[in-house]
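Here is structure36.txt, consisting of compact mmCIF, C-alpha atoms and all ligand atoms:
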```txt
# COMPACT_ATOMS: atom_id res chain seq x y z
CA MET A 841 -4.91 49.91 15.32
CA LYS A 842 -3.07 53.19 15.95
CA LYS A 843 -5.33 55.11 13.60
CA LEU A 844 -8.42 53.62 15.23
CA GLN A 845 -7.19 54.44 18.73
CA GLU A 846 -6.35 57.99 17.73
CA GLU A 847 -9.82 58.56 16.32
CA VAL A 848 -11.51 57.19 19.43
CA LYS A 849 -9.24 59.05 21.87
CA GLU A 850 -9.69 62.32 20.06
CA LEU A 851 -13.45 62.04 20.21
CA ALA A 852 -13.52 60.84 23.82
CA GLN A 853 -11.49 63.78 25.20
CA GLY A 854 -10.78 61.90 28.40
CA LYS A 855 -14.33 60.85 29.27
CA VAL A 856 -14.77 57.53 31.04
CA TYR A 857 -16.55 55.53 28.31
CA ILE A 858 -17.50 55.78 24.67
CA THR A 859 -21.28 55.77 24.53
CA GLU A 860 -23.85 55.02 21.84
CA ASP A 861 -24.21 58.75 21.09
CA ASP A 862 -20.57 58.82 19.95
CA LEU A 863 -20.88 56.05 17.38
CA GLY A 864 -22.04 58.22 14.47
CA LYS A 865 -18.93 60.37 14.92
CA LEU A 866 -16.39 57.60 14.39
CA PRO A 867 -16.11 56.99 10.61
CA TYR A 868 -12.87 55.02 10.81
CA LEU A 869 -14.31 52.72 13.48
CA ASN A 870 -17.33 52.17 11.25
CA ALA A 871 -14.99 51.37 8.34
CA VAL A 872 -13.04 48.90 10.50
CA PHE A 873 -16.27 47.10 11.39
CA LYS A 874 -17.28 46.92 7.72
CA GLU A 875 -13.84 45.71 6.68
CA SER A 876 -13.95 42.95 9.32
CA LEU A 877 -17.36 41.83 8.06
CA LEU A 878 -16.09 41.92 4.49
CA LEU A 879 -13.02 39.76 5.13
CA HIS A 880 -14.47 37.50 7.81
CA PRO A 881 -18.28 37.30 7.55
CA PRO A 882 -19.24 35.75 10.92
CA LEU A 883 -22.14 33.63 9.65
CA PRO A 884 -21.08 32.02 6.41
CA LEU A 885 -23.48 29.10 6.60
CA ILE A 886 -27.15 30.02 6.67
CA PRO A 887 -29.00 27.23 4.87
CA ARG A 888 -31.65 28.39 2.41
CA GLU A 889 -33.56 26.33 -0.15
CA LEU A 890 -33.63 27.99 -3.55
CA THR A 891 -36.73 27.96 -5.74
CA GLN A 892 -34.54 27.67 -8.85
CA ASP A 893 -30.94 26.75 -9.69
CA PHE A 894 -28.49 29.53 -9.03
CA ASN A 895 -24.71 29.71 -8.99
CA LEU A 896 -24.06 31.30 -5.59
CA MET A 897 -20.57 32.50 -4.68
CA GLY A 898 -21.25 32.98 -0.96
CA THR A 899 -20.46 36.02 1.25
CA TRP A 900 -16.87 34.89 1.86
CA ALA A 901 -16.09 34.62 -1.86
CA ILE A 902 -17.85 37.91 -2.64
CA GLY A 903 -15.66 39.68 -0.09
CA ARG A 904 -12.50 38.29 -1.70
CA ASP A 905 -13.52 38.88 -5.32
CA PRO A 906 -10.85 41.02 -7.04
CA ASN A 907 -13.47 42.13 -9.60
CA LEU A 908 -15.34 43.86 -6.78
CA TRP A 909 -12.60 44.90 -4.36
CA LYS A 910 -9.11 46.31 -4.81
CA GLU A 911 -6.55 44.15 -2.97
CA PRO A 912 -9.28 42.01 -1.39
CA GLU A 913 -6.85 40.01 0.78
CA GLU A 914 -5.63 43.17 2.54
CA PHE A 915 -7.31 44.56 5.66
CA ARG A 916 -7.96 48.10 4.40
CA PRO A 917 -10.82 49.88 6.24
CA GLU A 918 -9.98 53.01 4.19
CA ARG A 919 -11.86 51.48 1.25
CA PHE A 920 -15.10 52.31 3.10
CA LEU A 921 -14.23 55.83 4.23
CA TYR A 922 -15.59 57.69 1.22
CA SER A 923 -17.87 54.96 -0.06
CA PRO A 924 -21.66 54.74 0.22
CA ILE A 925 -21.44 50.93 0.53
CA ASP A 926 -23.21 49.69 3.64
CA TYR A 927 -24.25 46.27 4.94
CA ASN A 928 -27.98 47.02 4.95
CA GLY A 929 -28.66 44.54 2.14
CA SER A 930 -28.87 46.97 -0.76
CA TYR A 931 -25.21 46.62 -1.82
CA PHE A 932 -24.78 43.02 -2.89
CA GLU A 933 -20.99 43.22 -2.72
CA LEU A 934 -21.27 43.46 1.11
CA ILE A 935 -23.96 41.25 2.57
CA PRO A 936 -22.66 39.84 5.89
CA PHE A 937 -26.22 40.17 7.26
CA GLY A 938 -27.88 38.77 4.16
CA SER A 939 -30.45 40.71 2.21
CA GLY A 940 -34.15 40.91 1.49
CA ARG A 941 -37.08 39.52 3.45
CA ARG A 942 -35.03 36.89 5.27
CA GLY A 943 -32.10 39.19 5.99
CA CYS A 944 -30.86 39.53 9.56
CA PRO A 945 -33.33 41.55 11.66
CA ALA A 946 -30.57 42.51 14.11
CA VAL A 947 -28.35 44.59 11.81
CA GLN A 948 -28.66 47.84 13.75
CA TYR A 949 -28.42 46.09 17.10
CA SER A 950 -25.27 44.23 15.99
CA LYS A 951 -23.75 47.40 14.61
CA ALA A 952 -24.26 49.25 17.92
CA ILE A 953 -23.03 46.39 20.11
CA ASN A 954 -19.97 45.60 18.00
CA GLU A 955 -18.91 49.20 17.44
CA LEU A 956 -19.46 50.12 21.09
CA THR A 957 -17.40 47.16 22.28
CA LEU A 958 -14.60 47.82 19.81
CA ALA A 959 -14.53 51.55 20.57
CA ASN A 960 -14.24 50.99 24.32
CA LEU A 961 -11.71 48.21 23.91
CA VAL A 962 -9.31 50.32 21.87
CA TYR A 963 -10.02 53.34 24.08
CA LYS A 964 -9.11 51.50 27.29
CA PHE A 965 -6.46 49.09 26.10
CA TYR A 966 -3.49 48.84 23.82
CA LEU A 967 -3.57 45.55 21.96
CA ALA A 968 -0.31 44.15 20.63
CA LEU A 969 1.33 40.94 19.60
CA PRO A 970 4.14 39.94 21.95
CA ASN A 971 7.84 39.59 21.15
CA GLY A 972 7.66 42.00 18.25
CA GLU A 973 5.64 39.55 16.21
CA ARG A 974 4.12 40.97 13.08
CA ALA A 975 0.39 40.92 12.35
CA GLU A 976 1.13 39.76 8.78
CA ASN A 977 2.49 36.50 10.22
CA LEU A 978 -0.66 35.77 12.22
CA ASP A 979 -2.42 32.71 10.88
CA MET A 980 -5.88 33.99 9.99
CA SER A 981 -7.07 30.75 8.35
CA GLU A 982 -10.73 30.20 9.07
CA GLY A 983 -12.43 27.02 10.19
CA SER A 984 -15.78 25.98 8.76
CA GLY A 985 -18.95 25.81 10.83
CA ALA A 986 -22.06 27.81 11.60
CA PHE A 987 -19.93 30.63 13.08
CA ILE A 988 -16.63 31.73 11.64
CA HIS A 989 -13.60 31.13 13.83
CA ARG A 990 -9.86 30.99 13.51
CA LEU A 991 -8.62 27.54 12.64
CA ASN A 992 -5.30 27.35 14.45
CA VAL A 993 -5.81 28.62 17.98
CA GLN A 994 -6.15 26.86 21.31
CA SER A 995 -9.79 26.20 21.99
CA THR A 996 -11.87 25.16 24.93
CA SER A 997 -15.51 24.24 25.04
CA CYS A 998 -17.92 26.00 27.37
CA GLY A 999 -21.51 24.83 27.17
CA TYR A 1000 -23.03 25.14 23.73
CA PHE A 1001 -20.47 27.54 22.31
CA THR A 1002 -16.80 26.94 21.70
CA PHE A 1003 -14.71 29.84 22.95
CA LYS A 1004 -11.45 30.48 21.24
CA ILE A 1005 -8.44 31.58 23.26
CA VAL A 1006 -5.87 33.55 21.37
CA PRO A 1007 -2.88 33.06 23.66
CA ARG A 1008 -0.38 35.29 21.93
CA VAL A 1009 -2.31 38.55 22.04
CA THR A 1010 -1.52 40.64 25.10
CA LEU A 1011 -3.48 43.54 26.57
CA PHE A 1012 -1.71 46.46 28.18
CA ASN A 1013 -3.74 48.93 30.22
CA TYR A 1014 -2.65 52.48 29.45
C1 LIG A 1101 -22.48 40.54 13.57
C2 LIG A 1101 -23.60 39.91 13.96
C3 LIG A 1101 -24.54 39.19 13.02
C4 LIG A 1101 -24.39 38.80 11.72
C5 LIG A 1101 -23.16 38.97 10.82
C6 LIG A 1101 -25.62 38.17 11.31
C7 LIG A 1101 -25.85 37.62 10.07
C8 LIG A 1101 -27.03 37.01 9.67
C9 LIG A 1101 -27.25 36.42 8.38
C10 LIG A 1101 -26.23 36.34 7.25
C11 LIG A 1101 -28.52 35.96 8.35
C12 LIG A 1101 -29.21 35.25 7.16
C13 LIG A 1101 -29.76 36.31 6.25
C14 LIG A 1101 -30.24 35.77 4.91
O1 LIG A 1101 -30.37 34.55 4.75
O2 LIG A 1101 -30.47 36.59 4.00
C15 LIG A 1101 -29.11 36.24 9.64
C16 LIG A 1101 -30.41 35.91 10.00
C17 LIG A 1101 -30.94 36.14 11.23
N1 LIG A 1101 -30.35 36.79 12.28
FE1 LIG A 1101 -28.47 37.57 12.31
N2 LIG A 1101 -26.52 38.19 12.36
C18 LIG A 1101 -25.91 38.82 13.43
C19 LIG A 1101 -26.45 39.06 14.66
C20 LIG A 1101 -27.72 38.71 15.04
C21 LIG A 1101 -28.28 38.94 16.36
C22 LIG A 1101 -27.53 39.61 17.51
C23 LIG A 1101 -29.55 38.44 16.33
C24 LIG A 1101 -30.60 38.41 17.41
C25 LIG A 1101 -30.60 39.22 18.45
C26 LIG A 1101 -29.80 37.92 15.01
C27 LIG A 1101 -31.00 37.35 14.59
C28 LIG A 1101 -31.21 36.80 13.34
C29 LIG A 1101 -32.45 36.12 12.94
C30 LIG A 1101 -33.69 35.90 13.81
C31 LIG A 1101 -32.28 35.71 11.63
C32 LIG A 1101 -33.28 34.94 10.75
C33 LIG A 1101 -34.11 35.88 9.93
C34 LIG A 1101 -35.10 35.11 9.03
O3 LIG A 1101 -34.81 33.97 8.68
O4 LIG A 1101 -36.13 35.68 8.68
N3 LIG A 1101 -28.68 38.10 14.26
N4 LIG A 1101 -28.19 36.88 10.42
```
Would you encode the structure as structure tokens?
Ligand code: HEM
Amino acid sequence: MKKLQEEVKELAQGKVYITEDDLGKLPYLNAVFKESLLLHPPLPLIPRELTQDFNLMGTWAIGRDPNLWKEPEEFRPERFLYSPIDYNGSYFELIPFGSGRRGCPAVQYSKAINELTLANLVYKFYLALPNGERAENLDMSEGSGAFIHRLNVQSTSCGYFTFKIVPRVTLFNY
């Protein structure tokens, strides 16, 4: 978090918002986004009918495969800093948006929206766990479903989507 905030603050130099033009100049932010997609692919369940039998591991299992990734259970964005691996569908070890003709058409849009949101969030706020709680103790178990979500958090339904409230994360304006 600290490293990410430092990168964003250094680039921003006090300007009001991080804008789309800044995104290409934030390599650590880009690595954080990739690492999040690697460990927690948001759409693990896209049904596809295969034309022949195939033993598919799934994006979640690929991201945790120790034959592909060093310390796959650790959140380590640094693994992407000097790596050509991208999520554009040509590196099969990182395919959170799928690959090929039926791959997600919104890769670039999602990249811009997610990176922009994250950049401005860490630029404007300090995020911390209360009462000195450690991130390692946070229960990151995932629930199954069309969209990935944390299993053990308070939840409330709002229309079609289920929003998850993470009550123990506090935001401090600074
Ligand atoms: C982080 C955000 C997103 C992720 C991780 C994601 C992931 C995926 C994945 C894994 C697939 C299936 C690819 C395959 O089977 O090979 C897919 C398909 C698709 N996505 Fe996304 N997606 C995201 C955001 C979006 C957004 C914002 C839109 C629309 C604005 C979108 C539109 C679509 C469509 C239309 C398909 C179906 C493509 C087809 O079947 O030909 N996605 N996405």
Skip A:Leu866 itself and residues of its chain fewer than 4 positions away, then list as a ChimeraX atom specification all residues within 8 Å of it, counting all atoms listed in the file. /A:847-848,851,862,870
Residues within 12 Å of ligand LIG 1101 (chain A) should be enumerated using all atoms listed in the file and returned as an MDAnalysis selection string. chainID A and resid 873:874 876:890 898:900 927:930 932 934:955 986:988
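Across A:Asn907, A:Leu967, A:Pro867, A:Asp893, the tightest approach to A:Leu921 is made by A:Pro867 when counting only C-alpha atoms.
Between atom CA of A:Asp905 and atom CA of A:Met841 lies a distance of 24.9 Å.
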A:Gln853, A:Gln845, A:Ser923, A:Asn992: which is nearest A:Leu978, counting all atoms listed in the file?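 For A:Leu978, the nearest of the candidates is A:Asn992.
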Using only C-alpha atoms, which of A:Asp926, A:Ala968, A:Glu875, A:Thr891 sits nearest A:Pro912?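 Ranked by minimum distance to A:Pro912, first place goes to A:Glu875.
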Point-to-point distance from atom CA of A:Pro970 to atom CA of A:Ser984, Å rounded to tenths: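 Pair atom CA of A:Pro970 / atom CA of A:Ser984 returns 27.7 Å.
The space between atom CA of A:Trp909 and atom CA of A:Glu933 spans 8.7 Å.
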Skipping near chain neighbours, those fewer than 4 positions away, what residues fall within 8 Å of A:Leu956 using only C-alpha atoms, listed as a count of residues only? 6
For A:Ser981, find every residue with an atom within 8 Å (counting all atoms listed in the file), except residues of its own chain fewer than 2 positions away, and show them as a PyMOL selection string. chain A and resi 979+983+990-992
Let me make sure I understand: among A:Ala852, A:Ile925, A:Ala901, A:Val962, which one has the smallest atom-to-atom distance to A:Leu869 if we use only C-alpha atoms?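 Nearest candidate to A:Leu869 out of A:Ala852, A:Ile925, A:Ala901, A:Val962: A:Val962.
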May I ask which of the residues A:Ile902, A:Leu958, A:Leu969, A:Ala871 is the closest one to A:Pro917, counting only C-alpha atoms?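 Ranked by minimum distance to A:Pro917, first place goes to A:Ala871.
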At a cut-off of 8 Å from (-4.0, 41.5, 9.8) in the coordinates of the file, what residues are picked up using all atoms listed in the file, written as a PyMOL selection string? chain A and resi 914-915+975-976+978+980
Save stretch 857-982 of chain A to a file: C-alpha atoms, as an mmCIF file, in the first residue's frame.
```
data_model
loop_
_atom_site.group_PDB
_atom_site.id
_atom_site.type_symbol
_atom_site.label_atom_id
_atom_site.label_comp_id
_atom_site.auth_asym_id
_atom_site.auth_seq_id
_atom_site.Cartn_x
_atom_site.Cartn_y
_atom_site.Cartn_z
ATOM 1 C CA TYR A 857 -6.829 14.027 -9.611
ATOM 2 C CA ILE A 858 -4.920 11.277 -11.357
ATOM 3 C CA THR A 859 -6.115 11.239 -14.949
ATOM 4 C CA GLU A 860 -6.038 8.685 -17.758
ATOM 5 C CA ASP A 861 -2.900 10.326 -19.204
ATOM 6 C CA ASP A 862 -1.001 9.369 -16.035
ATOM 7 C CA LEU A 863 -1.786 5.661 -16.174
ATOM 8 C CA GLY A 864 1.103 4.653 -18.449
ATOM 9 C CA LYS A 865 3.522 6.228 -15.963
ATOM 10 C CA LEU A 866 2.555 4.087 -12.979
ATOM 11 C CA PRO A 867 4.287 0.695 -13.374
ATOM 12 C CA TYR A 868 3.757 -0.394 -9.769
ATOM 13 C CA LEU A 869 0.034 0.408 -9.970
ATOM 14 C CA ASN A 870 -0.144 -1.646 -13.152
ATOM 15 C CA ALA A 871 1.649 -4.502 -11.374
ATOM 16 C CA VAL A 872 -0.783 -4.293 -8.435
ATOM 17 C CA PHE A 873 -3.720 -4.581 -10.839
ATOM 18 C CA LYS A 874 -2.150 -7.609 -12.530
ATOM 19 C CA GLU A 875 -1.354 -9.244 -9.198
ATOM 20 C CA SER A 876 -4.963 -8.769 -8.034
ATOM 21 C CA LEU A 877 -6.241 -10.369 -11.237
ATOM 22 C CA LEU A 878 -3.762 -13.214 -10.823
ATOM 23 C CA LEU A 879 -4.742 -14.054 -7.245
ATOM 24 C CA HIS A 880 -8.436 -13.219 -7.458
ATOM 25 C CA PRO A 881 -9.713 -13.469 -11.055
ATOM 26 C CA PRO A 882 -13.088 -11.667 -10.845
ATOM 27 C CA LEU A 883 -14.960 -13.886 -13.312
ATOM 28 C CA PRO A 884 -14.019 -17.471 -12.596
ATOM 29 C CA LEU A 885 -17.153 -19.007 -14.075
ATOM 30 C CA ILE A 886 -17.709 -18.319 -17.754
ATOM 31 C CA PRO A 887 -19.447 -21.392 -19.174
ATOM 32 C CA ARG A 888 -18.070 -22.619 -22.502
ATOM 33 C CA GLU A 889 -18.848 -25.859 -24.319
ATOM 34 C CA LEU A 890 -15.714 -27.596 -25.547
ATOM 35 C CA THR A 891 -15.547 -29.307 -28.925
ATOM 36 C CA GLN A 892 -13.313 -32.016 -27.458
ATOM 37 C CA ASP A 893 -12.349 -33.319 -24.008
ATOM 38 C CA PHE A 894 -9.784 -31.186 -22.258
ATOM 39 C CA ASN A 895 -8.410 -31.128 -18.735
ATOM 40 C CA LEU A 896 -8.873 -27.464 -17.797
ATOM 41 C CA MET A 897 -7.309 -26.088 -14.616
ATOM 42 C CA GLY A 898 -9.246 -22.805 -14.582
ATOM 43 C CA THR A 899 -7.898 -19.238 -14.140
ATOM 44 C CA TRP A 900 -7.905 -19.495 -10.334
ATOM 45 C CA ALA A 901 -5.779 -22.662 -10.329
ATOM 46 C CA ILE A 902 -3.426 -21.281 -12.994
ATOM 47 C CA GLY A 903 -2.773 -18.232 -10.833
ATOM 48 C CA ARG A 904 -1.887 -20.422 -7.841
ATOM 49 C CA ASP A 905 0.238 -22.946 -9.735
ATOM 50 C CA PRO A 906 3.718 -23.114 -8.134
ATOM 51 C CA ASN A 907 5.120 -24.443 -11.433
ATOM 52 C CA LEU A 908 4.239 -21.116 -13.030
ATOM 53 C CA TRP A 909 4.597 -18.609 -10.190
ATOM 54 C CA LYS A 910 7.076 -18.207 -7.356
ATOM 55 C CA GLU A 911 5.261 -18.065 -4.003
ATOM 56 C CA PRO A 912 1.843 -18.021 -5.687
ATOM 57 C CA GLU A 913 -0.076 -17.527 -2.422
ATOM 58 C CA GLU A 914 1.753 -14.255 -1.705
ATOM 59 C CA PHE A 915 0.511 -10.884 -2.972
ATOM 60 C CA ARG A 916 3.688 -9.770 -4.749
ATOM 61 C CA PRO A 917 3.072 -7.178 -7.504
ATOM 62 C CA GLU A 918 6.873 -6.964 -7.955
ATOM 63 C CA ARG A 919 6.721 -10.201 -9.967
ATOM 64 C CA PHE A 920 5.250 -8.143 -12.834
ATOM 65 C CA LEU A 921 7.586 -5.157 -12.671
ATOM 66 C CA TYR A 922 10.226 -6.439 -15.077
ATOM 67 C CA SER A 923 8.101 -9.045 -16.806
ATOM 68 C CA PRO A 924 6.516 -8.868 -20.257
ATOM 69 C CA ILE A 925 3.526 -10.895 -19.013
ATOM 70 C CA ASP A 926 0.257 -9.105 -19.703
ATOM 71 C CA TYR A 927 -3.413 -10.082 -19.530
ATOM 72 C CA ASN A 928 -4.094 -9.543 -23.235
ATOM 73 C CA GLY A 929 -4.637 -13.264 -23.853
ATOM 74 C CA SER A 930 -1.246 -14.140 -25.288
ATOM 75 C CA TYR A 931 0.297 -15.274 -21.971
ATOM 76 C CA PHE A 932 -1.701 -18.289 -20.881
ATOM 77 C CA GLU A 933 -0.384 -18.115 -17.322
ATOM 78 C CA LEU A 934 -2.428 -14.892 -16.826
ATOM 79 C CA ILE A 935 -5.820 -14.989 -18.487
ATOM 80 C CA PRO A 936 -8.309 -13.190 -16.196
ATOM 81 C CA PHE A 937 -10.007 -11.812 -19.336
ATOM 82 C CA GLY A 938 -9.894 -15.104 -21.207
ATOM 83 C CA SER A 939 -8.181 -15.455 -24.548
ATOM 84 C CA GLY A 940 -8.861 -15.838 -28.238
ATOM 85 C CA ARG A 941 -11.985 -15.032 -30.231
ATOM 86 C CA ARG A 942 -14.324 -15.178 -27.235
ATOM 87 C CA GLY A 943 -11.995 -13.292 -24.911
ATOM 88 C CA CYS A 944 -13.316 -10.256 -23.056
ATOM 89 C CA PRO A 945 -13.772 -7.308 -25.443
ATOM 90 C CA ALA A 946 -13.481 -4.831 -22.566
ATOM 91 C CA VAL A 947 -9.882 -5.483 -21.496
ATOM 92 C CA GLN A 948 -8.596 -1.978 -22.193
ATOM 93 C CA TYR A 949 -11.715 -0.340 -20.802
ATOM 94 C CA SER A 950 -11.470 -2.409 -17.605
ATOM 95 C CA LYS A 951 -7.773 -1.656 -17.275
ATOM 96 C CA ALA A 952 -8.385 2.108 -17.518
ATOM 97 C CA ILE A 953 -11.368 2.140 -15.158
ATOM 98 C CA ASN A 954 -9.777 -0.088 -12.522
ATOM 99 C CA GLU A 955 -6.375 1.585 -12.563
ATOM 100 C CA LEU A 956 -7.888 5.066 -12.526
ATOM 101 C CA THR A 957 -10.119 4.217 -9.575
ATOM 102 C CA LEU A 958 -7.313 2.565 -7.633
ATOM 103 C CA ALA A 959 -4.878 5.400 -8.358
ATOM 104 C CA ASN A 960 -7.294 8.075 -7.138
ATOM 105 C CA LEU A 961 -8.340 6.025 -4.127
ATOM 106 C CA VAL A 962 -4.798 5.597 -2.846
ATOM 107 C CA TYR A 963 -3.971 9.189 -3.805
ATOM 108 C CA LYS A 964 -6.850 10.645 -1.797
ATOM 109 C CA PHE A 965 -7.140 8.197 1.067
ATOM 110 C CA TYR A 966 -5.081 6.156 3.439
ATOM 111 C CA LEU A 967 -6.569 2.698 3.807
ATOM 112 C CA ALA A 968 -5.813 0.731 6.946
ATOM 113 C CA LEU A 969 -7.135 -2.050 9.087
ATOM 114 C CA PRO A 970 -8.278 -0.817 12.504
ATOM 115 C CA ASN A 971 -6.868 -1.747 15.906
ATOM 116 C CA GLY A 972 -3.475 -2.636 14.495
ATOM 117 C CA GLU A 973 -4.874 -5.690 12.787
ATOM 118 C CA ARG A 974 -2.553 -7.317 10.319
ATOM 119 C CA ALA A 975 -3.422 -7.857 6.653
ATOM 120 C CA GLU A 976 -2.078 -11.428 6.882
ATOM 121 C CA ASN A 977 -4.901 -12.245 9.299
ATOM 122 C CA LEU A 978 -7.621 -11.009 6.945
ATOM 123 C CA ASP A 979 -9.789 -13.871 5.778
ATOM 124 C CA MET A 980 -9.467 -13.750 1.999
ATOM 125 C CA SER A 981 -11.419 -16.968 1.353
ATOM 126 C CA GLU A 982 -13.457 -16.644 -1.803
#
```
